[in-house]
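Trainee: Quick one: structure below, then a few questions.
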Amino acid sequence: MSLMIWLFPIVGAAIGWFTNFLAVRMIFRPREPHSILGVRFHGLLPRRRHEFAESIAETVERELISHEDVRRVLSQPETHAHILEAINARLDQAIKNRLSDLPPMVSMFVNDDLIAKIRSGLTKELDDLIPEVMDGVLDKVEHQLDFKKMVYDRIDAFPMEQLEGIVLRIARKELRSIEILGGVLGFLIGLAQVGLVFLTRP
């Protein structure tokens with residue numbers, strides 16, 4: 001009798017661990033709904049994948065990246081300067097190419113000072129024009145680029161095996177801890193049962 005009583009913690013630990021192990025697996029499995037004796041079984045993640053994708057998409061758009069973030073980056077003076085620098089580099093080459101096509105008599109009157117004046121004038125025009133162009137581009141981006149829809153479509157299109165792999169890769173330690181915790185709690189409950197048996201024995 002005493003030996004059987006001390007099996008309570010071991011059995012409790014096994015039941016606690018297995019229950020949590022099964023609960024963790026049921027987050028992902030079964031991937032397709034199955035009915036057993038009228039009870040429908042379907043993994044939590046496969047059953048609610050659309051809600052899962054919607055929730056992540058909303059969080060990404062609200063907390064991580066938005067149109068305002070894109071506008072802020074592209075409107076920075078540094079970005080403006082980089083664009084102007086890239087245009088100037090191409091502009092120098094374009095001016096030289098065009099001038100090389102001029103008749104020899106005309107090209108005789110073209111010198112470096114004239115090229116510098118032409119580039120300076122064009123650069124000034126571009127410097128004033130870039131912010132206006134960028135505003136127009138950003139307005140179009142805001143209407144055409146839907147971050148929420150992009151994230152939702154990507155996640156919702158993931159094969160369930162890939163989605164399960166991502167979740168397991170991120171939360172493997174935590175899920176394993178849940179399984180172990182089930183065993184520990186089961187063991188403690190078993191010990192409590194042993195204590196109650198000894199306390200209630202005549």
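Residue numbers start at 1 in each chain; chains themselves are named A, B, ... in the order of the structure tokens; ligands are numbered from 1 in the order shown.
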If you run DSSP over the backbone, which residues in range 19-179 of chain A end up helix (DSSP H, G or I)? Put them as a PyMOL selection string.
Mentor: chain A and resi 19-25+44-47+49-64+67-74+77-100+104-107+112-144+147-157+160-179
Trainee: Next, the residues of the selection above should be written as a compact mmCIF listing (two decimals), in the first residue's frame with C-alpha atoms.
Mentor:
```txt
# COMPACT_ATOMS: atom_id res chain seq x y z
CA THR A 19 -1.18 16.99 -20.82
CA ASN A 20 0.94 20.07 -21.50
CA PHE A 21 2.89 18.27 -24.23
CA LEU A 22 -0.41 17.46 -25.96
CA ALA A 23 -1.69 21.02 -25.44
CA VAL A 24 1.44 22.48 -27.07
CA ARG A 25 1.13 20.09 -30.03
CA LEU A 44 -5.30 26.51 -32.86
CA LEU A 45 -2.90 28.08 -35.35
CA PRO A 46 -4.35 26.42 -38.48
CA ARG A 47 -7.89 27.28 -37.34
CA ARG A 49 -4.34 31.61 -39.15
CA HIS A 50 -6.30 34.44 -40.81
CA GLU A 51 -6.80 36.18 -37.46
CA PHE A 52 -3.13 35.53 -36.64
CA ALA A 53 -2.03 37.14 -39.93
CA GLU A 54 -4.44 40.06 -39.43
CA SER A 55 -3.17 40.71 -35.90
CA ILE A 56 0.51 40.68 -36.94
CA ALA A 57 -0.21 42.90 -39.96
CA GLU A 58 -2.01 45.45 -37.79
CA THR A 59 0.82 45.42 -35.24
CA VAL A 60 3.48 45.91 -37.94
CA GLU A 61 1.60 48.83 -39.48
CA ARG A 62 0.73 50.44 -36.16
CA GLU A 63 3.90 49.83 -34.15
CA LEU A 64 6.78 49.06 -36.53
CA HIS A 67 3.79 55.66 -44.36
CA GLU A 68 4.87 58.41 -41.98
CA ASP A 69 8.12 56.53 -41.32
CA VAL A 70 8.83 56.27 -45.06
CA ARG A 71 8.00 59.95 -45.59
CA ARG A 72 10.22 60.94 -42.66
CA VAL A 73 13.21 59.02 -44.03
CA LEU A 74 12.82 60.22 -47.61
CA PRO A 77 18.08 66.58 -45.74
CA GLU A 78 20.63 63.73 -45.96
CA THR A 79 18.38 61.83 -48.37
CA HIS A 80 17.83 64.98 -50.38
CA ALA A 81 21.63 65.54 -50.55
CA HIS A 82 22.30 61.96 -51.66
CA ILE A 83 19.74 62.24 -54.46
CA LEU A 84 21.19 65.55 -55.63
CA GLU A 85 24.73 64.14 -55.52
CA ALA A 86 23.72 61.14 -57.62
CA ILE A 87 21.95 63.38 -60.14
CA ASN A 88 24.97 65.70 -60.37
CA ALA A 89 27.27 62.79 -61.12
CA ARG A 90 25.04 61.69 -63.99
CA LEU A 91 24.52 65.28 -65.05
CA ASP A 92 28.24 65.92 -65.60
CA GLN A 93 28.47 62.88 -67.84
CA ALA A 94 25.29 63.81 -69.72
CA ILE A 95 26.54 67.36 -70.38
CA LYS A 96 29.89 66.11 -71.70
CA ASN A 97 28.16 63.57 -73.92
CA ARG A 98 25.82 66.18 -75.36
CA LEU A 99 28.61 68.69 -75.93
CA SER A 100 30.71 66.09 -77.73
CA PRO A 104 33.45 71.31 -84.13
CA MET A 105 33.00 75.05 -84.70
CA VAL A 106 30.56 75.31 -81.80
CA SER A 107 32.50 73.05 -79.45
CA ASP A 112 35.09 74.11 -68.52
CA ASP A 113 33.75 77.42 -67.17
CA LEU A 114 30.72 77.19 -69.45
CA ILE A 115 30.13 73.58 -68.44
CA ALA A 116 30.38 74.55 -64.77
CA LYS A 117 27.85 77.37 -65.26
CA ILE A 118 25.43 75.07 -67.05
CA ARG A 119 25.76 72.43 -64.32
CA SER A 120 25.39 75.03 -61.59
CA GLY A 121 22.19 76.37 -63.13
CA LEU A 122 20.72 72.90 -63.59
CA THR A 123 21.74 71.91 -60.06
CA LYS A 124 19.94 74.96 -58.64
CA GLU A 125 16.80 74.06 -60.55
CA LEU A 126 17.02 70.46 -59.40
CA ASP A 127 17.65 71.50 -55.81
CA ASP A 128 14.38 73.41 -55.83
CA LEU A 129 12.55 70.71 -57.76
CA ILE A 130 13.53 67.61 -55.73
CA PRO A 131 11.34 68.35 -52.65
CA GLU A 132 8.33 68.94 -54.90
CA VAL A 133 8.99 65.73 -56.84
CA MET A 134 9.53 63.77 -53.62
CA ASP A 135 6.22 64.99 -52.20
CA GLY A 136 4.44 63.79 -55.32
CA VAL A 137 6.19 60.42 -55.18
CA LEU A 138 5.38 59.99 -51.50
CA ASP A 139 1.72 60.82 -52.08
CA LYS A 140 1.55 58.08 -54.71
CA VAL A 141 3.40 55.64 -52.44
CA GLU A 142 0.92 56.25 -49.63
CA HIS A 143 -1.99 55.43 -51.94
CA GLN A 144 -0.39 52.40 -53.57
CA PHE A 147 1.93 47.69 -45.49
CA LYS A 148 -0.86 45.94 -43.63
CA LYS A 149 -2.07 44.11 -46.72
CA MET A 150 1.49 43.18 -47.74
CA VAL A 151 2.25 41.62 -44.34
CA TYR A 152 -1.15 39.91 -44.17
CA ASP A 153 -0.80 38.40 -47.64
CA ARG A 154 2.72 37.15 -46.92
CA ILE A 155 1.82 35.49 -43.60
CA ASP A 156 -1.50 34.11 -44.81
CA ALA A 157 0.23 32.56 -47.82
CA MET A 160 1.42 25.79 -42.35
CA GLU A 161 4.64 23.78 -41.96
CA GLN A 162 6.69 26.95 -42.48
CA LEU A 163 4.52 28.95 -40.08
CA GLU A 164 4.85 26.22 -37.45
CA GLY A 165 8.62 26.20 -37.94
CA ILE A 166 8.82 29.97 -37.42
CA VAL A 167 6.80 29.83 -34.20
CA LEU A 168 8.79 26.89 -32.86
CA ARG A 169 12.10 28.57 -33.73
CA ILE A 170 11.06 31.68 -31.80
CA ALA A 171 9.33 30.08 -28.82
CA ARG A 172 10.85 26.59 -28.58
CA LYS A 173 12.36 27.17 -25.11
CA GLU A 174 9.16 28.67 -23.74
CA LEU A 175 7.01 25.83 -25.09
CA ARG A 176 9.42 23.26 -23.64
CA SER A 177 9.25 25.07 -20.30
CA ILE A 178 5.45 24.76 -20.37
CA GLU A 179 5.76 20.99 -20.84
```
Trainee: Quick check for you: according to DSSP on this backbone, which residues of range 4-163 of chain A are classed as strand (DSSP E)? Reply as a list in words.
Mentor: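 Selecting the strand (DSSP E) positions of range 4-163 of chain A gives His34, Ser35, Ile36, Val39, Arg40 and Phe41 of chain A.
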